[in-house]
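Okay, run.cif is below, mmCIF, C-alpha atoms:
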```cif
data_final
loop_
_atom_site.label_atom_id
_atom_site.label_comp_id
_atom_site.auth_asym_id
_atom_site.auth_seq_id
_atom_site.Cartn_x
_atom_site.Cartn_y
_atom_site.Cartn_z
CA GLY A 26 -10.59 -12.75 -24.02
CA ASN A 27 -7.97 -11.30 -26.35
CA PRO A 28 -5.06 -13.68 -26.93
CA ILE A 29 -1.64 -12.65 -25.67
CA THR A 30 0.93 -13.87 -28.18
CA LEU A 31 4.70 -14.08 -27.92
CA ALA A 32 6.92 -14.24 -30.99
CA ILE A 33 10.56 -15.26 -30.87
CA GLY A 34 13.07 -15.09 -33.69
CA ASP A 35 16.74 -14.71 -34.48
CA GLY A 36 16.91 -13.20 -37.95
CA ALA A 37 15.80 -10.30 -40.12
CA ASN A 38 12.99 -12.42 -41.60
CA ASP A 39 11.41 -12.63 -38.12
CA VAL A 40 11.09 -8.86 -37.59
CA GLY A 41 7.55 -8.67 -39.00
CA MET A 42 6.38 -11.50 -36.79
CA ILE A 43 7.98 -9.91 -33.73
CA HIS A 44 6.28 -6.57 -34.45
CA ALA A 45 2.88 -8.24 -34.92
CA ALA A 46 2.98 -10.10 -31.60
CA ARG A 47 2.04 -8.59 -28.24
CA VAL A 48 5.49 -9.51 -26.88
CA GLY A 49 8.54 -9.90 -29.07
CA VAL A 50 11.73 -11.75 -28.08
CA GLY A 51 14.88 -11.59 -30.17
CA ILE A 52 17.85 -13.95 -30.05
CA ASN A 53 21.34 -12.69 -30.69
CA GLY A 54 22.58 -15.30 -33.15
CA LYS A 55 24.60 -15.86 -36.30
CA GLU A 56 22.05 -14.00 -38.41
CA GLY A 57 22.81 -10.68 -36.76
CA ARG A 58 21.00 -8.40 -34.36
CA HIS A 59 18.00 -7.40 -36.47
CA ALA A 60 15.57 -9.48 -34.42
CA SER A 61 16.89 -8.43 -31.04
CA ASN A 62 16.94 -4.75 -32.03
CA SER A 63 13.25 -4.94 -33.04
CA ALA A 64 12.09 -6.98 -30.04
CA ASP A 65 10.86 -6.04 -26.59
CA PHE A 66 13.36 -8.40 -25.00
CA ALA A 67 16.66 -9.82 -26.19
CA ILE A 68 18.27 -13.06 -24.99
CA GLY A 69 21.51 -14.80 -25.88
CA GLN A 70 20.19 -18.35 -26.28
CA PHE A 71 16.82 -20.00 -26.75
CA ARG A 72 17.08 -21.84 -23.41
CA PHE A 73 16.88 -18.48 -21.60
CA LEU A 74 13.25 -18.11 -22.69
CA VAL A 75 11.87 -20.30 -19.88
CA PRO A 76 13.63 -18.41 -17.05
CA MET A 77 12.56 -15.14 -18.65
CA LEU A 78 8.90 -16.19 -18.61
CA LEU A 79 8.63 -18.19 -15.39
CA GLU A 80 11.10 -16.30 -13.21
CA HIS A 81 11.72 -12.73 -14.32
CA GLY A 82 8.44 -12.27 -16.15
CA ARG A 83 6.21 -13.79 -13.49
CA PHE A 84 7.88 -12.15 -10.49
CA ASN A 85 7.97 -8.73 -12.13
CA TYR A 86 4.35 -9.01 -13.20
CA ILE A 87 3.30 -9.75 -9.61
CA ARG A 88 5.46 -6.95 -8.21
CA CYS A 89 4.30 -4.33 -10.71
CA SER A 90 0.65 -5.34 -10.36
CA LYS A 91 0.68 -5.08 -6.59
CA LEU A 92 2.67 -1.85 -6.72
CA VAL A 93 0.04 -0.26 -9.00
CA LEU A 94 -2.87 -1.57 -6.91
CA TYR A 95 -1.25 -0.40 -3.68
CA SER A 96 -0.55 3.05 -5.14
CA PHE A 97 -4.22 3.48 -6.06
CA PHE A 98 -5.32 2.07 -2.71
CA LYS A 99 -3.25 4.35 -0.49
CA ASN A 100 -4.19 7.50 -2.42
CA LEU A 101 -7.89 6.62 -2.48
CA LEU A 102 -7.71 5.90 1.25
CA LEU A 103 -6.45 9.43 1.89
CA VAL A 104 -9.10 10.89 -0.43
CA SER A 105 -11.82 8.91 1.36
CA ILE A 106 -10.66 10.17 4.77
CA LEU A 107 -10.86 13.77 3.56
CA PHE A 108 -14.28 13.05 2.08
CA TYR A 109 -15.59 11.62 5.35
CA TYR A 110 -14.05 14.52 7.27
CA CYS A 111 -15.84 16.92 4.93
CA ILE A 112 -19.15 15.28 5.81
CA PHE A 113 -18.23 15.27 9.50
CA SER A 114 -17.41 19.01 9.41
CA GLY A 115 -20.71 19.91 7.79
CA PHE A 116 -19.28 20.28 4.25
CA SER A 117 -17.25 23.27 5.40
CA GLY A 118 -14.34 22.41 3.10
CA THR A 119 -11.95 22.36 6.05
CA ILE A 120 -8.74 20.35 5.64
CA PRO A 121 -7.37 19.30 9.05
CA LEU A 122 -3.73 19.42 7.91
CA GLU A 123 -1.16 21.95 6.80
CA SER A 124 -0.68 21.76 3.02
CA LEU A 125 3.03 20.87 3.07
CA VAL A 126 2.48 17.99 5.50
CA PHE A 127 -0.48 16.80 3.46
CA THR A 128 1.31 16.82 0.09
CA GLY A 129 4.19 14.73 1.47
CA TYR A 130 1.93 11.67 1.82
CA ASN A 131 3.45 9.72 -1.07
CA PHE A 132 6.98 10.61 -0.01
CA TYR A 133 6.41 9.21 3.49
CA LEU A 134 5.18 5.92 2.00
CA GLY A 135 7.47 5.74 -1.03
CA LEU A 136 10.48 3.73 0.10
CA PRO A 137 8.84 0.49 1.36
CA ILE A 138 6.81 -0.06 -1.82
CA VAL A 139 9.94 0.59 -3.92
CA ALA A 140 11.76 -2.09 -1.91
CA PHE A 141 8.78 -4.38 -2.44
CA GLY A 142 8.86 -3.80 -6.18
CA ALA A 143 12.59 -4.52 -6.34
CA PHE A 144 13.10 -7.52 -4.07
CA ASP A 145 9.85 -9.34 -3.33
CA TYR A 146 9.04 -12.82 -4.64
CA ASP A 147 6.24 -15.06 -3.38
CA VAL A 148 7.96 -18.44 -3.84
CA PRO A 149 11.60 -19.45 -4.38
CA ARG A 150 12.79 -19.05 -7.95
CA LEU A 151 13.40 -22.75 -8.58
CA PHE A 152 10.01 -23.75 -7.17
CA VAL A 153 8.13 -22.35 -10.18
CA TYR A 154 9.70 -25.03 -12.41
CA LYS A 155 7.87 -27.75 -10.46
CA TYR A 156 4.51 -26.28 -11.50
CA PRO A 157 5.19 -24.36 -14.72
CA ALA A 158 1.59 -24.25 -15.97
CA LEU A 159 0.29 -22.87 -12.67
CA ALA A 160 3.12 -20.36 -12.46
CA TYR A 161 2.63 -19.18 -16.04
CA ASP A 162 -1.15 -18.74 -15.65
CA THR A 163 -0.66 -15.77 -13.32
CA GLY A 164 0.49 -13.49 -16.08
CA ARG A 165 -1.10 -15.22 -19.06
CA ARG A 166 -4.60 -14.83 -17.65
CA GLY A 167 -3.93 -11.36 -16.22
CA GLU A 168 -5.22 -12.38 -12.81
CA LEU A 169 -3.78 -9.51 -10.77
CA LEU A 170 -3.95 -6.37 -12.91
CA ASN A 171 -7.42 -6.33 -14.44
CA LEU A 172 -10.53 -4.17 -14.28
CA TRP A 173 -12.30 -6.33 -11.69
CA ASN A 174 -9.33 -6.44 -9.34
CA MET A 175 -8.75 -2.70 -9.72
CA LEU A 176 -12.40 -2.00 -8.92
CA ARG A 177 -12.23 -4.27 -5.87
CA TRP A 178 -9.18 -2.49 -4.49
CA CYS A 179 -10.75 0.95 -5.09
CA ILE A 180 -13.97 0.03 -3.30
CA LEU A 181 -12.00 -1.57 -0.48
CA ALA A 182 -9.99 1.65 -0.07
CA PHE A 183 -13.18 3.61 0.66
CA VAL A 184 -14.44 0.91 3.04
CA ILE A 185 -11.16 0.76 4.96
CA GLY A 186 -10.98 4.57 4.92
CA LEU A 187 -14.45 4.75 6.50
CA LEU A 188 -13.43 2.26 9.21
CA LEU A 189 -10.20 4.16 9.91
CA PHE A 190 -12.02 7.49 10.08
CA ILE A 191 -14.74 6.21 12.43
CA LEU A 192 -12.21 4.68 14.80
CA SER A 193 -10.04 7.81 14.71
CA ILE A 194 -12.95 10.16 15.37
CA ARG A 195 -14.09 8.04 18.27
CA VAL A 196 -10.63 8.46 19.77
CA ILE A 197 -10.14 12.18 19.23
CA GLY A 198 -13.78 13.21 19.64
CA GLY A 199 -15.21 14.29 22.95
CA PRO A 200 -17.07 17.10 24.65
CA ILE A 201 -16.09 20.42 23.05
CA ILE A 202 -16.40 23.60 25.10
CA ILE A 203 -18.16 26.42 23.25
CA THR A 204 -18.20 29.97 24.65
CA THR A 205 -21.62 31.53 24.05
CA SER A 206 -20.72 35.02 25.29
CA HIS A 207 -17.83 37.05 26.65
CA GLU A 208 -18.98 36.57 30.23
CA PRO A 209 -16.72 34.26 32.28
CA GLY A 210 -18.10 30.79 32.82
CA ASN A 211 -20.87 31.15 30.24
CA THR A 212 -20.06 28.06 28.22
CA SER A 213 -21.85 25.04 26.83
CA LEU A 214 -20.75 21.54 25.90
CA LEU A 215 -21.11 19.90 22.51
CA GLY A 216 -20.75 16.12 22.67
CA ILE A 217 -19.74 14.10 19.59
CA SER A 218 -19.82 10.76 21.37
CA GLY A 219 -16.11 10.02 21.52
CA LEU A 220 -13.40 9.21 24.03
CA GLY A 221 -11.95 12.72 23.94
CA LEU A 222 -8.37 11.58 24.32
CA ILE A 223 -6.89 14.41 22.23
CA GLU A 224 -7.65 17.26 24.59
CA THR A 225 -5.96 19.23 27.37
CA PRO A 226 -6.48 18.40 31.07
CA ASN A 227 -8.84 21.38 31.52
CA GLY A 228 -11.22 19.99 28.90
CA TRP A 229 -10.35 22.28 26.01
CA ASN A 230 -9.77 20.69 22.62
CA THR A 231 -6.18 20.83 21.37
CA GLY A 232 -7.09 22.05 17.90
CA ILE A 233 -7.98 20.89 14.43
CA TYR A 234 -4.37 20.37 13.32
CA VAL A 235 -3.63 18.08 16.26
CA GLU A 236 -6.69 16.02 15.39
CA GLY A 237 -5.71 16.04 11.71
CA LEU A 238 -2.16 14.94 12.47
CA THR A 239 -3.54 12.06 14.55
CA ILE A 240 -5.80 10.82 11.76
CA PHE A 241 -3.05 11.33 9.17
CA SER A 242 -0.48 9.43 11.25
CA ILE A 243 -2.92 6.56 11.75
CA ALA A 244 -3.34 6.35 7.97
CA ILE A 245 0.44 6.42 7.45
CA VAL A 246 1.02 3.57 9.91
CA ALA A 247 -1.91 1.56 8.51
CA MET A 248 -0.43 1.79 5.00
CA GLN A 249 2.95 0.66 6.30
CA TYR A 250 1.21 -2.36 7.83
CA LYS A 251 -0.52 -3.09 4.53
CA VAL A 252 2.64 -3.07 2.44
CA THR A 253 4.31 -5.25 5.08
CA LEU A 254 1.48 -7.79 4.87
CA MET A 255 1.75 -7.71 1.06
CA THR A 256 5.47 -8.45 1.20
CA THR A 257 6.70 -12.04 1.30
CA THR A 258 10.44 -11.33 1.20
CA ARG A 259 10.99 -9.15 4.25
CA ASN A 260 14.75 -8.79 4.15
CA SER A 261 17.00 -6.33 5.93
CA ILE A 262 16.70 -3.80 3.09
CA TYR A 263 12.93 -3.81 3.41
CA TRP A 264 12.98 -3.27 7.19
CA PHE A 265 15.52 -0.48 6.71
CA THR A 266 13.15 1.32 4.31
CA ILE A 267 10.29 0.93 6.81
CA ALA A 268 12.41 2.38 9.63
CA LEU A 269 13.74 5.19 7.44
CA SER A 270 10.27 6.02 6.15
CA MET A 271 8.63 6.19 9.59
CA SER A 272 11.48 8.03 11.29
CA GLY A 273 11.69 10.49 8.38
CA TYR A 274 7.97 11.20 8.61
CA PHE A 275 7.94 11.94 12.35
CA LEU A 276 11.20 13.88 12.13
CA PHE A 277 9.85 16.08 9.34
CA VAL A 278 6.52 16.93 11.00
CA TYR A 279 8.32 17.64 14.28
CA ILE A 280 11.01 19.91 12.80
CA TYR A 281 8.45 21.66 10.61
CA GLY A 282 6.40 22.28 13.75
CA LEU A 283 9.29 24.29 15.21
CA VAL A 284 9.11 26.94 12.48
CA PRO A 285 7.29 29.95 14.01
CA SER A 286 6.25 31.55 10.72
CA THR A 287 3.97 28.65 9.69
CA SER A 288 0.47 27.64 10.73
CA TRP A 289 1.95 24.27 11.72
CA TYR A 290 3.96 25.90 14.51
CA ASN A 291 4.01 23.83 17.72
CA VAL A 292 1.43 21.34 16.38
CA ALA A 293 3.71 18.30 16.19
CA PRO A 294 5.43 18.92 19.58
CA ILE A 295 2.01 19.09 21.26
CA THR A 296 0.68 16.02 19.44
CA LEU A 297 3.74 13.82 19.94
CA ASN A 298 3.68 14.66 23.64
CA LEU A 299 0.22 13.07 24.06
CA SER A 300 0.22 9.46 25.23
CA SER A 301 -3.21 9.01 23.65
CA PHE A 302 -1.70 9.83 20.24
CA TRP A 303 0.74 6.93 20.49
CA LEU A 304 -2.01 4.65 21.76
CA ALA A 305 -4.18 5.57 18.76
CA ILE A 306 -1.50 5.04 16.09
CA PHE A 307 -0.62 1.70 17.69
CA CYS A 308 -4.10 0.20 18.13
CA ILE A 309 -6.21 1.58 15.27
CA PRO A 310 -3.87 0.52 12.39
CA ILE A 311 -3.81 -3.02 13.82
CA VAL A 312 -7.61 -3.18 13.83
CA VAL A 313 -7.79 -1.72 10.32
CA SER A 314 -5.15 -4.15 9.00
CA LEU A 315 -6.96 -7.13 10.55
CA CYS A 316 -10.20 -6.11 8.84
CA ASP A 317 -8.39 -5.55 5.54
CA THR A 318 -6.71 -8.96 5.72
CA THR A 319 -9.99 -10.65 6.68
CA ILE A 320 -11.75 -9.17 3.65
CA ASP A 321 -8.91 -10.34 1.38
CA GLN A 322 -9.13 -13.85 2.81
CA ILE A 323 -12.88 -13.95 2.25
CA PHE A 324 -12.36 -12.99 -1.40
CA SER A 325 -9.70 -15.70 -1.71
CA LEU A 326 -12.20 -18.33 -0.55
CA PHE A 327 -14.42 -17.60 -3.56
CA TYR A 328 -11.75 -16.76 -6.12
CA GLN A 329 -8.21 -18.03 -5.66
CA THR A 330 -5.64 -16.88 -8.18
CA SER A 331 -2.89 -19.06 -9.61
CA GLN A 332 -0.38 -17.15 -7.52
CA GLU A 333 -2.28 -17.96 -4.31
CA LYS A 334 -2.63 -21.61 -5.34
CA LEU A 335 1.10 -21.87 -5.98
CA ALA A 336 1.92 -20.15 -2.68
CA THR A 337 -0.43 -22.54 -0.85
CA ILE A 338 1.25 -25.57 -2.45
CA TYR A 339 4.64 -24.22 -1.43
CA LEU A 340 3.56 -23.69 2.18
CA ASN A 341 2.00 -27.18 2.35
CA GLU A 342 5.14 -28.81 0.99
CA ASN A 343 7.27 -26.88 3.46
CA MET A 344 5.06 -28.00 6.35
CA LYS A 345 5.26 -31.64 5.23
CA SER A 346 9.05 -31.48 4.92
CA GLU A 347 9.32 -30.03 8.43
CA ILE A 348 7.14 -32.79 9.86
#
```
Would you write the structure of this file as structure tokens?
Amino acid sequence: GNPITLAIGDGANDVGMIHAARVGVGINGKEGRHASNSADFAIGQFRFLVPMLLEHGRFNYIRCSKLVLYSFFKNLLLVSILFYYCIFSGFSGTIPLESLVFTGYNFYLGLPIVAFGAFDYDVPRLFVYKYPALAYDTGRRGELLNLWNMLRWCILAFVIGLLLFILSIRVIGGPIIITTSHEPGNTSLLGISGLGLIETPNGWNTGIYVEGLTIFSIAIVAMQYKVTLMTTTRNSIYWFTIALSMSGYFLFVYIYGLVPSTSWYNVAPITLNLSSFWLAIFCIPIVVSLCDTTIDQIFSLFYQTSQEKLATIYLNENMKSEI
């Protein structure tokens, strides 16, 4: 592939070399600040180059790569759910959510991935110096953010979206009562082969928005599970963002459902009062996350990245030390 070169210099005569390289590093030295002003990164001494590459560079590359992949994944998952719902509804173009609730998707999921991008690291900082070549290969070879990995995550988003949609429809679907005329009792049943949990005691369906909120909430919780499984450093700040994100989501849809002038009026209070809704958003995301993790593990058996190899070595050494 194309070589990735790094140039480092400390004087004005090194500016051309720094500009020609893919990554330029300038040292603030006795020859002035010409090199550091022209470089991508500036350091005070040459010995800081190794920590910049193995610690800051490697960890930030992993964080940014996973953040980008996750951002594509969660948005494609939502798109796939709408696509499958369009097929399910006979290509009617119906969206089972109010527009304001729908457009807030990235806001509901924003805080945990920001915490991940700021604080996560897969192995302790000093551990990378024990295996510098393996640690450096992660970024040098571009193992995480490449066309193949991006394509894999995009395809997986549609596969997981299909699984989530099928499980959700099987929960909310059931016999739907259709009135064929204005005469009392002249009704017929339309079965869609589901459990019919999201319906009133008299058999009537609770409405398209209630069903849409159920599917949407399942997707929200499933994405929170995914970012949690991606995260290695689950500190108190991370768990706070998870709690704030989830509580903010449910609080918003509930308060917005109390506004009489909107089409979302009374949707969230009805939905959140159904025990089957809480059962669905608890069970289905777990099943979806287990399938997602299983697929990732199968891929890792055939192609293990340098990051995964280093993490495996770290876990094995920890287990030996504990024994």
Could you spell out the hits of the PyMOL selection byres ((chain A and resi 79) around 9) on the shown file, as number ranges by chain?
A: 74-78, 80-84, 150, 153-154, 157, 160-161
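Note that atom CA of Ala336 of chain A and atom CA of Val50 of chain A are 28.5 Å apart.
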Taking all atoms listed in the file into account, name the residue in A:Leu335, A:Asp65, A:Pro137, A:Lys99 that is nearest to Trp264 of chain A.
A:Pro137
As a check of understanding, name the residues that the PyMOL selection byres ((chain A and resi 311) around 12) selects in the supplied structure, as a PyMOL selection string.
chain A and resi 188-189+192+243-244+246-251+254+304-310+312-318
Which residues, protein or nucleic acid, reach to within 6 Å of (-2.2, 15.7, 7.4) in the file's coordinates when using all atoms listed in the file, and can you give that as number ranges by chain?
A: 122, 126-127, 237-238, 241
Between atom CA of Tyr281 of chain A and atom CA of Ser300 of chain A, what is the distance, to one decimal in Å?
20.7 Å
Excluding Tyr274 of chain A and any residue of its chain fewer than 3 positions from it, enumerate the residues within 12 Å of it, using all atoms listed in the file, and give them as a VMD selection string.
chain A and resid 126 to 127 129 to 136 238 241 to 242 245 to 246 249 266 to 271 277 to 281 293
How many Å lie between atom CA of Thr119 of chain A and atom CA of Tyr234 of chain A, rounded to one decimal?
10.7 Å
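If you measure from each of A:Met344, A:Gly186, A:Ile43, A:Gly34 to Glu56 of chain A using all atoms listed in the file, the closest one turns out to be A:Gly34.
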Using all atoms listed in the file, find the one residue out of A:Lys55, A:Thr257, A:Ala37, A:Leu283 that sits nearest to Pro149 of chain A.
A:Thr257
Kindly provide, as a PyMOL selection string, the polymer residues lying within 6 Å of (16.3, -12.9, -29.5), counting all atoms listed in the file and using the coordinates exactly as they appear in the file.
chain A and resi 34-35+50-53+61+67-68
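Omitting Phe97 of chain A and its sequence neighbours fewer than 3 positions away, and counting all atoms listed in the file, the residues within 8 Å are Val93, Leu94, Asn100, Leu101, Trp178 and Cys179 of chain A.
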Just checking: using all atoms listed in the file, which residue out of A:Ile338, A:Leu181, A:Leu326, A:Ile33 ends up closest to Gln70 of chain A?
A:Ile33
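For the residues A:Phe144, A:Gly273, A:Arg47, A:Leu340, ranking by smallest atom-to-atom distance to Ala32 of chain A using only C-alpha atoms places A:Arg47 first.
Proximity of A:Ile120, A:Leu103, A:Val235, A:Val40 to Asn291 of chain A, computed with all atoms listed in the file, is greatest for A:Val235.
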Do a neighbour search on Ala46 of chain A at 10 Å with only C-alpha atoms, toss out local chain neighbours closer than 5 positions, and write the hits as an NGL selection string.
:A and (28-33 or 41 or 64)
What are the centre and the three edge lengths of an axis-aligned box that wraps all atoms of segment 189-197 of chain A in the file, given that 3 Å is added to every side, written as lines of an AutoDock Vina configuration file and rounded to one decimal in Å?
```
center_x = -12.4
center_y = 8.2
center_z = 14.8
size_x = 10.7
size_y = 14.0
size_z = 15.9
```
